[in-house]
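Asker: One structure is given below, represented as structure tokens, and several questions about it will come after.
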Amino acid sequence: MRGMEERDRGWRQSFKRRRDRTAAIGRLLHRRYSRLFWAVHSTWALISGGIVLVLAHNRYGFLPWVVLFLTLTWASTLFFSRFAAPGGSDRLRFARGFVSYLTRVMYQETLFFLLPFYFYSTTFPSWNSPYVVFLAALAALSCFDVYFGRLLRTNRWFALAFFAFVTYSALQFFLPLVLHVPIHNGAYIAAGVSFFASLPLAYSGPDLRQSRRKALIFAALVGIIVVLKVGRALIPPVPLRLVAISFSTGIDPATLQLENEFPEGGAVPASRLREGHLIVRATIFSPGRLPVRIQIRLARDGTLLRNSRTLDLVAHSRGFRVWDSLRIGPGGLLPGTYRAEVWTGEGQLVGRGQIRVVPDQRPAVRPKN
């Protein structure tokens with residue numbers, strides 16, 4: 001019996017020595033090659049983000065997974081920031097580091113997944129262009145593992161703002177499709193969910209029960225609602241997307257087929273627009289059933305000529321078309337750039353197109369001999 005105990009003790013000591021030796025080698029390799037590893041990993045993260053960017057094209061079915069990833073990110077962050085004591089055992093530190101790594105990966109894949117959808121819904125240049133540029137900047141930042149991970153660990157307000165912005169961007173895209181509500185209502189719901197989900201990450205329970213803290217939270221919520229109301233034009237109208245905008249002099253109201261169509265962006269002689277109407281038809285894509293309010297605005301050289309009435313309709317997965325017309329006076333249309341812009345009824349730019357009306361070229365007069 002004593003011999004068996006000695007052999008068992010010797011085996012445990014040998015295992016401990018091997019484990020300590022392996023750990024020492026691991027620490028040595030980490031000190032020597034950690035920078036190289038994370039540099040290679042950051043490069044791979046950027047490449048994998050590009051792959052997600054390509055694969056996300058029209059893959060609306062993956063959107064629920066994005067929301068699930070964000071939910072897991074929120075839950076893990078809340079657990080390790082509130083319930084897991086700092087320091088702790090090696091296993092706990094390893095678990096915290098592993099969860100931090102998964103959090104960065106989920107942020108990165110989420111941002112690269114959202115980018116193409118926001119890009120398609122953005123009009124360049126316009127007031128909503130900075131939103132998608134900022135989204136792309138955050139996606140690129142998430143690929144720099146060391147710097148990004150340090151920011152998430154050491155700067156609580158950065159981590160909080162990052163989580164809130166990414167969550168809002170995903171939910172304002174996801175909720176209108178799931179709840180079948182107008183885009184602006186989905187934006188308010190997404191902002192509310194993101195805001196209240198961020199509170200447990202920022203404050204503990206006793207902090208949230210303080211009267212002063214409650215007043216600040218209420219003021220912040222009111223401020224967010226005001227920003228969403230006033231700054232609606234800064235947000236791309238996801239998931240709507242302008243597919244095409246066409247100009248013509250005639251249209252069949254029953255089939256919406258155009259007659260005498262002009263190439264968008266091209267030059268049209270003024271003689272072709274002497275009478276009748278200038279017709280504008282917009283084709284808009286929607287991935288599912290969605291209540292929308294649409295308006296077309298027509299302008300010449302920046303001067304507004306006509307606002308169409310706001311149409312209330314229900315978009316479906318095949319998209320929809322809307323049209324409006326500008327009456328041509330007795331003298332025809334004046335030369336200039338005629339721009340048509342499609343807006344939601346709540347003030348979000350869906351897209352634009354234009355044609356140039358140019359004076360007729362007069363035949364050159366040959367000089368007499």
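Chain labels A, B, ... are given in the sequence in which chains occur in the structure tokens; within each chain residues are numbered consecutively from 1, and ligands are likewise numbered from 1 in the order shown.
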Using backbone DSSP assignments, extract all strand (DSSP E or B) residues from range 53-257 of chain A; output them as a list in words.
Answerer: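 Strand (DSSP E or B) assignments inside range 53-257 of chain A correspond to Arg241, Leu242, Val243, Ala244, Ile245, Ser246, Phe247, Ser248, Gly250 and Ile251 of chain A.
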Asker: So that I can check the surroundings of range 312-318 of chain A, please list as a ChimeraX atom specification every protein, DNA and RNA residue that reaches within 10 Å of it, counting only C-alpha atoms and ignoring chain neighbours fewer than 2 positions away.
Answerer: /A:180,182,240,284-295,309-310,320-321,344-345
Asker: Would you output that residue set with C-alpha atoms, as an mmCIF file, in the first residue's frame?
Answerer:
```cif
data_model
loop_
_atom_site.group_PDB
_atom_site.id
_atom_site.type_symbol
_atom_site.label_atom_id
_atom_site.label_comp_id
_atom_site.auth_asym_id
_atom_site.auth_seq_id
_atom_site.Cartn_x
_atom_site.Cartn_y
_atom_site.Cartn_z
ATOM 1 C CA HIS A 180 -43.395 44.877 -39.100
ATOM 2 C CA PRO A 182 -42.216 51.621 -39.656
ATOM 3 C CA LEU A 240 -34.820 50.083 -47.638
ATOM 4 C CA ILE A 284 -37.135 50.516 -53.988
ATOM 5 C CA PHE A 285 -36.090 47.179 -52.489
ATOM 6 C CA SER A 286 -37.397 45.897 -49.157
ATOM 7 C CA PRO A 287 -36.479 42.443 -47.788
ATOM 8 C CA GLY A 288 -39.889 41.882 -46.200
ATOM 9 C CA ARG A 289 -43.265 43.241 -45.268
ATOM 10 C CA LEU A 290 -42.738 46.750 -43.963
ATOM 11 C CA PRO A 291 -45.019 49.797 -43.559
ATOM 12 C CA VAL A 292 -43.372 52.786 -45.264
ATOM 13 C CA ARG A 293 -44.133 56.419 -46.052
ATOM 14 C CA ILE A 294 -42.477 57.692 -49.231
ATOM 15 C CA GLN A 295 -42.187 61.102 -50.869
ATOM 16 C CA ARG A 309 -47.739 63.866 -51.553
ATOM 17 C CA THR A 310 -46.551 61.339 -48.993
ATOM 18 C CA PHE A 320 -42.172 48.422 -54.720
ATOM 19 C CA ARG A 321 -42.285 51.327 -57.179
ATOM 20 C CA THR A 344 -39.225 58.581 -46.226
ATOM 21 C CA GLY A 345 -42.118 60.485 -44.692
#
```
Asker: If we count only C-alpha atoms and set the cut-off at 8 Å, which residues sit around Thr103 in chain A, ignoring sequence neighbours fewer than 4 positions away in its own chain? Please answer as a VMD selection string.
Answerer: chain A and resid 73 99 107
Asker: Can you work out which one of A:Pro335, A:Gly319, A:Pro116, A:Gly192 has the shortest atom-to-atom distance to Val222 in chain A, counting only C-alpha atoms?
Answerer: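 Nearest to Val222 in chain A: A:Gly192.
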Asker: Looking only at the backbone, which of the residues in range 198-251 of chain A does DSSP tag as helix (DSSP H, G or I), as a PyMOL selection string?
Answerer: chain A and resi 198-202+205-208+211-230+232-234
Asker: Using only C-alpha atoms, pick whichever of A:Leu68, A:Leu102, A:Ala161, A:Leu234 has the shortest atom-to-atom distance to Val133 in chain A.
Answerer: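 Counting only C-alpha atoms, the residue closest to Val133 in chain A is A:Leu234.
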